[in-house]
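Take a look at the structure below.
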Amino acid sequence: MGWVRPTGEIHAEGLPDALDELLEGFEETERVKVEGHEQFAIRGVPAGVFVVQEHQATAHHWDFRLEVDGVMKSWAVPKGPTLDPAVKRMAIQVDDHGMAHNDYEGDTVIIWDRGVYEQGGRVAWPEAIERGHAVFVLHGEKLHGGFTLQRTGGNAKKPQWLLIKRKDDEARPGSDITAERPESVVTGRPLAR
Ligand code: MN
C-alpha cells in the first residue's frame with residue numbers, strides 16, 4: 001500500500017495520446033521537445049473557429065464553443081477558462097449551438113474571446129470528442145496555446161468534462177485571465193453583473 005512520487009526523468013516515445021495517458025498519472029511533468037511525433041502534435045490541424053461567451057444566467061458561466069462539423073460544440077464552464085495548467089475547470093457539455101450565435105451579445109451575454117483553433121493529438125475530430133479526450137490549440141485574443149477537454153463523467157444528457165490548459169509556452173501559472181481581462185472583445189466593456 002502507498003504511493004510513489006516519481007522524481008527525475010522519464011524517457012518515453014510514442015503516439016501523443018498514449019503519452020498523454022502515461023503522463024496523466026504524474027504531477028509536475030514537463031515535456032522536452034523531440035523530433036517526430038511531438039512536433040507533429042504541436043503543429044495540429046486547422047479545425048475552425050471558437051468563441052467564449054460570458055453568460056449571466058441564473059448561474060453565471062462562460063460558454064466555451066468549438067466549431068465541429070458546422071455546429072458549435074458547447075460547454076458551460078462555471079469558473080471560466082484559465083491559462084494556469086494547474087487548474088482544472090469543470091465544463092458541462094450543453095446543446096450544440098448554431099454558428100450564427102457566435103456573434104451574439106446582449107444584456108446577459110458578451111463575447112469574451114474568439115478566434116480560430118487547431119486540433120491536436122492523433123485522433124481525428126469529431127471522434128476525439130466522441131471518445132472524450134480532445135486536444136486542441138487556441139488562437140484567440142485572450143486564450144492561446146494548447147488545451148485539453150477530458151470527459152470525466154456525468155450522464156448522457158449532461159456529460160461532465162474538465163477544461164485544462166496544457167503546459168506550453170502560452171501557459172501562465174498563477175494567472176487568472178477572466179479577472180485580468182473581463183471585457184468583451186467586441187465592445188471593450190465587461191458584462192453587467
Ligand atoms: Mn449559457
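Identifiers in the C-alpha cells: chain A, B, ... in order shown; residue index from 1 per chain; ligand index from 1 in order shown.
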Proximity of chain A to ligand 1: per-residue shortest pair, 10 Å limit, only C-alpha atoms and all ligand atoms, as JSON lines:
{"residue": "A:Val52", "atom": "CA", "partner": "ligand 1", "partner_atom_place_in_ligand_line": "1 (Mn)", "distance": 9.9}
{"residue": "A:Gln53", "atom": "CA", "partner": "ligand 1", "partner_atom_place_in_ligand_line": "1 (Mn)", "distance": 7.5}
{"residue": "A:Glu54", "atom": "CA", "partner": "ligand 1", "partner_atom_place_in_ligand_line": "1 (Mn)", "distance": 7.4}
{"residue": "A:His55", "atom": "CA", "partner": "ligand 1", "partner_atom_place_in_ligand_line": "1 (Mn)", "distance": 5.2}
{"residue": "A:Gln56", "atom": "CA", "partner": "ligand 1", "partner_atom_place_in_ligand_line": "1 (Mn)", "distance": 7.7}
{"residue": "A:Ala57", "atom": "CA", "partner": "ligand 1", "partner_atom_place_in_ligand_line": "1 (Mn)", "distance": 6.8}
{"residue": "A:Thr58", "atom": "CA", "partner": "ligand 1", "partner_atom_place_in_ligand_line": "1 (Mn)", "distance": 9.6}
{"residue": "A:Ala59", "atom": "CA", "partner": "ligand 1", "partner_atom_place_in_ligand_line": "1 (Mn)", "distance": 8.8}
{"residue": "A:His60", "atom": "CA", "partner": "ligand 1", "partner_atom_place_in_ligand_line": "1 (Mn)", "distance": 8.1}
{"residue": "A:His61", "atom": "CA", "partner": "ligand 1", "partner_atom_place_in_ligand_line": "1 (Mn)", "distance": 6.5}
{"residue": "A:Trp62", "atom": "CA", "partner": "ligand 1", "partner_atom_place_in_ligand_line": "1 (Mn)", "distance": 6.6}
{"residue": "A:Asp63", "atom": "CA", "partner": "ligand 1", "partner_atom_place_in_ligand_line": "1 (Mn)", "distance": 5.2}
{"residue": "A:Phe64", "atom": "CA", "partner": "ligand 1", "partner_atom_place_in_ligand_line": "1 (Mn)", "distance": 8.9}
{"residue": "A:Ser74", "atom": "CA", "partner": "ligand 1", "partner_atom_place_in_ligand_line": "1 (Mn)", "distance": 9.0}
{"residue": "A:Trp75", "atom": "CA", "partner": "ligand 1", "partner_atom_place_in_ligand_line": "1 (Mn)", "distance": 8.5}
{"residue": "A:Ala76", "atom": "CA", "partner": "ligand 1", "partner_atom_place_in_ligand_line": "1 (Mn)", "distance": 6.2}
{"residue": "A:Val77", "atom": "CA", "partner": "ligand 1", "partner_atom_place_in_ligand_line": "1 (Mn)", "distance": 8.8}
{"residue": "A:Pro78", "atom": "CA", "partner": "ligand 1", "partner_atom_place_in_ligand_line": "1 (Mn)", "distance": 9.6}
{"residue": "A:Val94", "atom": "CA", "partner": "ligand 1", "partner_atom_place_in_ligand_line": "1 (Mn)", "distance": 8.6}
{"residue": "A:Asp95", "atom": "CA", "partner": "ligand 1", "partner_atom_place_in_ligand_line": "1 (Mn)", "distance": 9.9}
{"residue": "A:Thr108", "atom": "CA", "partner": "ligand 1", "partner_atom_place_in_ligand_line": "1 (Mn)", "distance": 9.3}
{"residue": "A:Val109", "atom": "CA", "partner": "ligand 1", "partner_atom_place_in_ligand_line": "1 (Mn)", "distance": 8.1}
Next item on the list: Mind checking which residues fall within 10 Å of Ala86 (chain A), counting only C-alpha atoms, ignoring those fewer than 6 positions away in the same chain, and posting them as a ChimeraX atom specification?
Entry: /A:27-28,164-167,171-174
Notebook entry, point to check: For the atom pair CA of Thr152 (chain A) and CA of Arg181 (chain A), what is the interatomic distance in Å to one decimal place?
Noted result: 28.6 Å
Checklist line | Of the listed residues A:Ala124, A:Leu149, A:Leu143, A:Ile111, that which approaches Pro190 (chain A) most closely, counting only C-alpha atoms | finding: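 Using only C-alpha atoms, the shortest distance to Pro190 (chain A) belongs to A:Ile111.
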Check: Mind pulling up the distance from CA of Leu163 (chain A) to CA of Phe147 (chain A)?
Finding: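 Calculated distance between CA of Phe147 (chain A) and CA of Leu163 (chain A) is 7.1 Å.
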Item checked: Atom-to-atom span, CA of Val137 (chain A) and CA of Asn102 (chain A), Å ->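 Calculated distance between CA of Val137 (chain A) and CA of Asn102 (chain A) is 18.8 Å.
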Next item on the list: Can you work out which one of A:Ala128, A:Val45, A:Val51, A:Ala100 has the shortest atom-to-atom distance to Val186 (chain A), counting only C-alpha atoms?
Entry: A:Val51
Next item on the list: Select, from A:Gly120, A:Leu66, A:Gly132, A:Met72, the residue with the minimum atom-to-atom distance to Gly153 (chain A), counting only C-alpha atoms.
Entry: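 Nearest to Gly153 (chain A): A:Gly132.
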With a distance cut-off of 7 Å and only C-alpha atoms, select the neighbouring residues of Gly145 (chain A), excluding the residue or stretch itself and same-chain residues fewer than 5 positions from it, and output the selection as a PDB file with N, CA, C and O atoms, in the first residue's frame.
ATOM      1  N   VAL A 137      -5.457  23.542 -29.986  1.00  0.00           N
ATOM      2  CA  VAL A 137      -4.656  24.749 -29.782  1.00  0.00           C
ATOM      3  C   VAL A 137      -5.501  25.956 -30.167  1.00  0.00           C
ATOM      4  O   VAL A 137      -6.000  26.031 -31.292  1.00  0.00           O
ATOM      5  N   LEU A 138      -5.676  26.880 -29.224  1.00  0.00           N
ATOM      6  CA  LEU A 138      -6.487  28.074 -29.460  1.00  0.00           C
ATOM      7  C   LEU A 138      -5.616  29.247 -29.907  1.00  0.00           C
ATOM      8  O   LEU A 138      -4.511  29.440 -29.403  1.00  0.00           O
ATOM      9  N   HIS A 139      -6.170  30.020 -30.840  1.00  0.00           N
ATOM     10  CA  HIS A 139      -5.545  31.275 -31.251  1.00  0.00           C
ATOM     11  C   HIS A 139      -6.591  32.370 -31.088  1.00  0.00           C
ATOM     12  O   HIS A 139      -7.231  32.789 -32.050  1.00  0.00           O
ATOM     13  N   ASP A 168       2.662  24.628 -21.946  1.00  0.00           N
ATOM     14  CA  ASP A 168       3.416  25.012 -23.137  1.00  0.00           C
ATOM     15  C   ASP A 168       3.861  26.463 -22.972  1.00  0.00           C
ATOM     16  O   ASP A 168       3.728  27.027 -21.879  1.00  0.00           O
ATOM     17  N   GLU A 170       2.552  29.098 -23.864  1.00  0.00           N
ATOM     18  CA  GLU A 170       1.454  30.042 -23.632  1.00  0.00           C
ATOM     19  C   GLU A 170       0.849  29.891 -22.227  1.00  0.00           C
ATOM     20  O   GLU A 170      -0.026  30.670 -21.854  1.00  0.00           O
TER      21      GLU A 170
END
Check: Hey, what does DSSP flag as alpha helix (DSSP H) within region 35-155 of chain A? Can you give it to me as number ranges by chain?
Finding: A: 37-43, 127-131
Checklist line | Residue with smallest distance to Ile177 (chain A) - pool A:Tyr104, A:Trp112, A:Tyr117, A:Trp161, counting only C-alpha atoms | finding: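 Distance minimum relative to Ile177 (chain A) lands on A:Trp112.
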Note to self: I need the residues of region 56-188 of chain A that end up classed as strand (DSSP E) by DSSP on the backbone, written out as an MDAnalysis selection string.
What the structure shows: chainID A and resid 56 60:68 71:77 88:97 109:119 133:140 144:154 159:165
Checklist line | Pick from A:Lys158, A:His97, A:Arg131, A:Lys79, whichever lies nearest to Ala179 (chain A) using only C-alpha atoms | finding: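 Looking at the shortest contact to Ala179 (chain A), the residue is A:Lys79.
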Item checked: Neighbour list for Gln119 (chain A) as a VMD selection string, cut-off 7 Å, only C-alpha atoms, skip fewer than 4 positions in-chain -> chain A and resid 44 to 47 135 to 137
